[in-house]
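The next block holds one structure in the form of C-alpha coordinates; read it before the comments.
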Amino acid sequence: MPGRCDRTVPLAVKVVVSGGLGVGKSTFIKAISEIEPLDTEAAITQVSVGVDSLDGVESKTTTTVALDFGRITLDPSIALYLFGTPGQRRYSFMWEELAEGALGTVVLADTRRIEECFPALDYFEDRGVPFVLAVNRFDGAERIGLKQVREVLGLRREVPVLECDARERDSVRDVLGALLDRVLGVRAAPGKRAVTAHRRARPAKARPVSS
(Lines give C-alpha, C1' and ligand atoms only; values in the text may rest on other atoms or scores of the structure.)
Protein backbone atom coordinates (compact mmCIF):
# COMPACT_ATOMS: atom_id res chain seq x y z
CA MET A 1 0.00 0.00 0.00
CA PRO A 2 1.53 3.34 -1.02
CA GLY A 3 2.65 5.47 1.87
CA ARG A 4 2.48 2.60 4.35
CA CYS A 5 5.02 2.84 7.18
CA ASP A 6 6.57 -0.54 8.04
CA ARG A 7 8.57 0.74 10.97
CA THR A 8 7.82 -1.14 14.17
CA VAL A 9 7.03 1.02 17.18
CA PRO A 10 8.60 -0.68 20.20
CA LEU A 11 6.53 -1.54 23.24
CA ALA A 12 7.52 0.77 26.09
CA VAL A 13 8.27 -1.12 29.31
CA LYS A 14 8.92 0.72 32.58
CA VAL A 15 11.64 -0.54 34.95
CA VAL A 16 12.58 1.06 38.27
CA VAL A 17 16.13 1.17 39.65
CA SER A 18 16.10 1.66 43.41
CA GLY A 19 18.27 1.41 46.52
CA GLY A 20 19.95 3.59 49.11
CA LEU A 21 21.96 6.77 48.85
CA GLY A 22 25.19 6.41 46.89
CA VAL A 23 24.57 2.83 45.79
CA GLY A 24 25.09 3.53 42.07
CA LYS A 25 21.64 4.02 40.57
CA SER A 26 22.61 6.97 38.38
CA THR A 27 25.76 5.16 37.25
CA PHE A 28 23.74 2.02 36.45
CA ILE A 29 21.34 3.91 34.18
CA LYS A 30 24.10 5.94 32.54
CA ALA A 31 26.06 2.80 31.68
CA ILE A 32 23.25 1.26 29.62
CA SER A 33 21.18 4.17 28.31
CA GLU A 34 21.23 4.70 24.56
CA ILE A 35 20.17 8.31 25.06
CA GLU A 36 21.76 11.01 27.17
CA PRO A 37 20.36 10.19 30.61
CA LEU A 38 18.23 12.69 32.44
CA ASP A 39 19.31 13.22 36.02
CA THR A 40 18.38 15.56 38.83
CA GLU A 41 21.72 15.68 40.61
CA ALA A 42 22.14 18.37 43.24
CA ALA A 43 25.01 19.21 45.53
CA ILE A 44 24.99 17.70 49.00
CA THR A 45 24.93 20.67 51.37
CA GLN A 46 25.06 21.26 55.12
CA VAL A 47 21.26 21.02 55.16
CA SER A 48 21.53 17.24 54.82
CA VAL A 49 23.94 16.86 57.75
CA GLY A 50 22.28 14.74 60.42
CA VAL A 51 19.44 13.89 58.02
CA ASP A 52 21.08 11.80 55.27
CA SER A 53 23.63 9.21 56.39
CA LEU A 54 26.85 9.44 54.40
CA ASP A 55 28.67 6.76 56.38
CA GLY A 56 30.76 4.80 53.90
CA VAL A 57 30.23 7.32 51.08
CA GLU A 58 31.78 10.40 52.64
CA SER A 59 33.35 11.44 49.33
CA LYS A 60 29.96 11.73 47.62
CA THR A 61 29.28 15.38 46.71
CA THR A 62 26.03 15.16 44.70
CA THR A 63 22.82 13.19 44.97
CA THR A 64 19.61 12.55 43.02
CA VAL A 65 16.71 14.60 44.38
CA ALA A 66 13.90 13.53 42.03
CA LEU A 67 14.71 10.84 39.47
CA ASP A 68 17.10 9.50 36.86
CA PHE A 69 15.84 8.46 33.43
CA GLY A 70 17.31 6.46 30.57
CA ARG A 71 16.23 4.18 27.74
CA ILE A 72 17.53 0.99 26.15
CA THR A 73 15.97 -0.72 23.11
CA LEU A 74 16.26 -4.48 23.53
CA ASP A 75 15.00 -5.28 20.02
CA PRO A 76 12.67 -3.60 17.51
CA SER A 77 9.67 -4.61 19.63
CA ILE A 78 10.71 -3.71 23.21
CA ALA A 79 12.18 -0.56 24.75
CA LEU A 80 13.00 -0.38 28.44
CA TYR A 81 12.47 2.98 30.12
CA LEU A 82 14.59 3.12 33.26
CA PHE A 83 13.55 5.30 36.19
CA GLY A 84 15.96 5.73 39.09
CA THR A 85 14.56 6.64 42.49
CA PRO A 86 16.19 9.06 44.93
CA GLY A 87 18.06 7.23 47.69
CA GLN A 88 17.29 9.43 50.69
CA ARG A 89 14.32 8.31 52.77
CA ARG A 90 13.04 11.89 52.94
CA TYR A 91 12.38 11.68 49.17
CA SER A 92 10.53 8.36 49.39
CA PHE A 93 7.28 10.10 48.46
CA MET A 94 8.65 10.06 44.89
CA TRP A 95 8.70 6.26 44.82
CA GLU A 96 4.93 5.92 44.46
CA GLU A 97 4.95 8.07 41.34
CA LEU A 98 7.99 6.40 39.81
CA ALA A 99 6.87 2.84 40.59
CA GLU A 100 3.38 3.21 39.13
CA GLY A 101 3.02 0.87 36.15
CA ALA A 102 6.52 -0.58 36.50
CA LEU A 103 7.09 -4.07 35.11
CA GLY A 104 9.75 -4.75 37.73
CA THR A 105 12.55 -3.31 39.82
CA VAL A 106 16.29 -3.60 40.23
CA VAL A 107 17.26 -2.98 43.87
CA LEU A 108 20.95 -2.11 44.15
CA ALA A 109 22.86 -2.93 47.33
CA ASP A 110 26.22 -1.85 48.74
CA THR A 111 27.60 -4.37 51.26
CA ARG A 112 29.37 -1.53 53.10
CA ARG A 113 25.94 -0.03 53.88
CA ILE A 114 23.65 -3.02 53.51
CA GLU A 115 20.91 -1.55 55.70
CA GLU A 116 20.32 1.22 53.13
CA CYS A 117 18.44 -1.14 50.81
CA PHE A 118 15.88 -2.28 53.43
CA PRO A 119 13.33 0.49 52.66
CA ALA A 120 13.34 -0.36 48.92
CA LEU A 121 13.04 -4.10 49.57
CA ASP A 122 10.12 -3.61 51.94
CA TYR A 123 8.42 -1.16 49.59
CA PHE A 124 8.46 -3.41 46.52
CA GLU A 125 7.74 -6.61 48.44
CA ASP A 126 4.67 -5.03 50.02
CA ARG A 127 3.37 -4.13 46.56
CA GLY A 128 4.15 -7.49 44.96
CA VAL A 129 6.44 -5.94 42.33
CA PRO A 130 8.93 -8.46 40.85
CA PHE A 131 12.50 -7.46 41.65
CA VAL A 132 16.08 -8.64 41.65
CA LEU A 133 18.78 -7.70 44.16
CA ALA A 134 22.03 -6.60 42.50
CA VAL A 135 25.11 -6.21 44.71
CA ASN A 136 27.14 -3.36 43.24
CA ARG A 137 30.86 -4.05 43.62
CA PHE A 138 32.83 -0.97 44.61
CA ASP A 139 36.62 -0.69 44.29
CA GLY A 140 38.28 -1.53 47.58
CA ALA A 141 35.13 -2.94 49.18
CA GLU A 142 35.28 -6.36 50.82
CA ARG A 143 33.73 -9.04 48.63
CA ILE A 144 30.88 -10.83 50.39
CA GLY A 145 29.25 -14.04 49.23
CA LEU A 146 25.82 -13.69 47.67
CA LYS A 147 24.44 -16.42 49.93
CA GLN A 148 25.37 -14.36 52.97
CA VAL A 149 23.86 -11.23 51.46
CA ARG A 150 20.60 -13.13 50.90
CA GLU A 151 20.60 -14.34 54.51
CA VAL A 152 21.32 -10.91 55.98
CA LEU A 153 18.55 -9.31 53.92
CA GLY A 154 16.07 -12.12 54.59
CA LEU A 155 15.30 -12.64 50.90
CA ARG A 156 13.30 -15.63 49.74
CA ARG A 157 14.93 -18.18 47.45
CA GLU A 158 12.91 -17.14 44.41
CA VAL A 159 14.37 -13.62 44.45
CA PRO A 160 17.49 -13.51 42.22
CA VAL A 161 20.61 -12.12 43.94
CA LEU A 162 23.55 -11.34 41.69
CA GLU A 163 26.69 -9.26 41.46
CA CYS A 164 27.10 -6.31 39.15
CA ASP A 165 29.41 -3.47 38.29
CA ALA A 166 27.14 -0.50 37.66
CA ARG A 167 29.86 1.13 35.52
CA GLU A 168 29.94 -1.72 32.99
CA ARG A 169 27.31 -1.90 30.25
CA ASP A 170 27.48 -5.70 29.92
CA SER A 171 27.07 -6.16 33.66
CA VAL A 172 24.04 -3.85 33.74
CA ARG A 173 22.56 -5.67 30.75
CA ASP A 174 22.90 -9.00 32.58
CA VAL A 175 21.04 -7.59 35.59
CA LEU A 176 18.21 -6.31 33.40
CA GLY A 177 18.07 -9.70 31.69
CA ALA A 178 17.73 -11.40 35.07
CA LEU A 179 14.91 -9.02 35.96
CA LEU A 180 13.02 -9.80 32.75
CA ASP A 181 13.45 -13.53 33.40
CA ARG A 182 12.05 -12.97 36.90
CA VAL A 183 9.06 -11.05 35.54
CA LEU A 184 8.32 -13.76 32.97
CA GLY A 185 8.56 -16.42 35.66
CA VAL A 186 6.09 -14.58 37.85
CA ARG A 187 3.65 -14.03 35.01
CA ALA A 188 3.84 -17.70 34.05
CA ALA A 189 2.42 -18.52 37.50
CA PRO A 190 -0.97 -16.70 37.51
CA GLY A 191 -2.43 -15.79 40.85
CA LYS A 192 0.95 -15.60 42.59
CA ARG A 193 2.58 -12.43 43.75
CA ALA A 194 6.22 -11.84 42.91
CA VAL A 195 7.16 -12.16 46.57
CA THR A 196 4.66 -12.76 49.32
CA ALA A 197 4.70 -9.63 51.40
CA HIS A 198 6.36 -10.22 54.73
CA ARG A 199 8.14 -8.17 57.32
CA ARG A 200 11.73 -9.19 57.88
CA ALA A 201 12.81 -10.03 61.39
CA ARG A 202 15.77 -7.78 61.95
CA PRO A 203 17.17 -5.73 64.79
CA ALA A 204 16.76 -1.98 64.96
CA LYS A 205 20.28 -1.67 63.59
CA ALA A 206 21.01 -3.95 60.65
CA ARG A 207 23.36 -6.82 61.26
CA PRO A 208 26.78 -6.15 59.74
CA VAL A 209 27.84 -8.22 56.76
CA SER A 210 31.10 -9.96 57.48
CA SER A 211 33.18 -12.62 55.81
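We name chains A, B, ... following the order of the C-alpha coordinates; residues begin at 1 in each chain, and ligands are numbered from 1 as shown.
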- Please provide the set of residues having any atom within 10 Å of Leu38 in chain A, restricted to only C-alpha atoms, with same-chain residues fewer than 4 positions apart removed, written as a list in words.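 Answer for this query is Ser26, Ile29, Lys30, Ser33, Leu67, Asp68, Phe69, Gly70, Arg71, Phe83 and Gly84 of chain A.
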- Query: Can you list every residue in range 80-130 of chain A that DSSP puts in strand (DSSP E), as a ChimeraX atom specification?
  - Reply: /A:80-84,104-109
Convert the current residue selection to file output with N, CA and C atoms, as an mmCIF file, in the first residue's frame.
```cif
data_model
loop_
_atom_site.group_PDB
_atom_site.id
_atom_site.type_symbol
_atom_site.label_atom_id
_atom_site.label_comp_id
_atom_site.auth_asym_id
_atom_site.auth_seq_id
_atom_site.Cartn_x
_atom_site.Cartn_y
_atom_site.Cartn_z
ATOM 1 N N LEU A 80 13.070 -0.536 26.996
ATOM 2 C CA LEU A 80 12.997 -0.379 28.442
ATOM 3 C C LEU A 80 13.222 1.082 28.800
ATOM 4 N N TYR A 81 12.321 1.635 29.588
ATOM 5 C CA TYR A 81 12.471 2.982 30.122
ATOM 6 C C TYR A 81 12.854 2.842 31.588
ATOM 7 N N LEU A 82 14.033 3.309 31.929
ATOM 8 C CA LEU A 82 14.592 3.119 33.257
ATOM 9 C C LEU A 82 14.392 4.373 34.106
ATOM 10 N N PHE A 83 13.796 4.197 35.269
ATOM 11 C CA PHE A 83 13.552 5.296 36.189
ATOM 12 C C PHE A 83 14.288 5.016 37.497
ATOM 13 N N GLY A 84 15.228 5.875 37.848
ATOM 14 C CA GLY A 84 15.963 5.728 39.086
ATOM 15 C C GLY A 84 15.334 6.546 40.195
ATOM 16 N N GLY A 104 8.920 -4.158 36.689
ATOM 17 C CA GLY A 104 9.750 -4.753 37.728
ATOM 18 C C GLY A 104 10.783 -3.768 38.208
ATOM 19 N N THR A 105 11.607 -4.210 39.162
ATOM 20 C CA THR A 105 12.548 -3.310 39.818
ATOM 21 C C THR A 105 13.902 -3.980 40.016
ATOM 22 N N VAL A 106 14.946 -3.211 39.819
ATOM 23 C CA VAL A 106 16.294 -3.600 40.232
ATOM 24 C C VAL A 106 16.585 -2.858 41.526
ATOM 25 N N VAL A 107 16.848 -3.599 42.608
ATOM 26 C CA VAL A 107 17.261 -2.981 43.866
ATOM 27 C C VAL A 107 18.772 -3.171 43.989
ATOM 28 N N LEU A 108 19.493 -2.062 44.016
ATOM 29 C CA LEU A 108 20.948 -2.108 44.151
ATOM 30 C C LEU A 108 21.332 -2.098 45.624
ATOM 31 N N ALA A 109 22.381 -2.857 45.955
ATOM 32 C CA ALA A 109 22.858 -2.930 47.333
ATOM 33 C C ALA A 109 24.359 -2.694 47.375
#
```
- Distance of CA of Ala178 in chain A from CA of Glu158 in chain A, expressed in Å to one decimal place: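 Spanning CA of Glu158 in chain A to CA of Ala178 in chain A is a straight-line distance of 12.0 Å.
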- Task: Go through A:Ala102, A:Glu142, A:Gly154, A:Glu163 and flag the residue nearest Asp122 in chain A, using only C-alpha atoms for the distances.
- Result: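 Ranked by minimum distance to Asp122 in chain A, first place goes to A:Gly154.
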- Message: Please determine, counting only C-alpha atoms, which residue among A:Ile32, A:Val23, A:Ala79, A:Ala120 has the shortest atom-to-atom distance to Asp174 in chain A.
- Response: A:Ile32
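Shortest separation to Pro86 in chain A among A:Val183, A:Leu21, A:Val16, A:Leu146 occurs at residue A:Leu21, atoms counted being only C-alpha atoms.
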- Query: How far is it from CA of Pro119 in chain A to CA of Ser18 in chain A, in Å with one decimal?
  - Reply: 9.7 Å
- Message: From the options A:Pro76, A:Glu34, A:Pro130, A:Leu11, which residue's atoms come nearest to Arg187 in chain A, counting only C-alpha atoms?
- Response: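 Nearest to Arg187 in chain A: A:Pro130.
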- Top pick for closest residue to Phe118 in chain A, considering A:Ala189, A:Leu98, A:Leu155, A:Val161 and counting only C-alpha atoms: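 Once distances to Phe118 in chain A are computed over only C-alpha atoms, the minimum belongs to A:Leu155.
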- Query: From the list A:Ala31, A:Gly19, A:Gly101, A:Glu96, which residue is nearest Val172 in chain A when using only C-alpha atoms?
  - Reply: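 Closest to Val172 in chain A, using only C-alpha atoms: A:Ala31.
Rounded to one decimal, CA of Val132 in chain A and CA of Thr111 in chain A lie 15.6 Å from each other.
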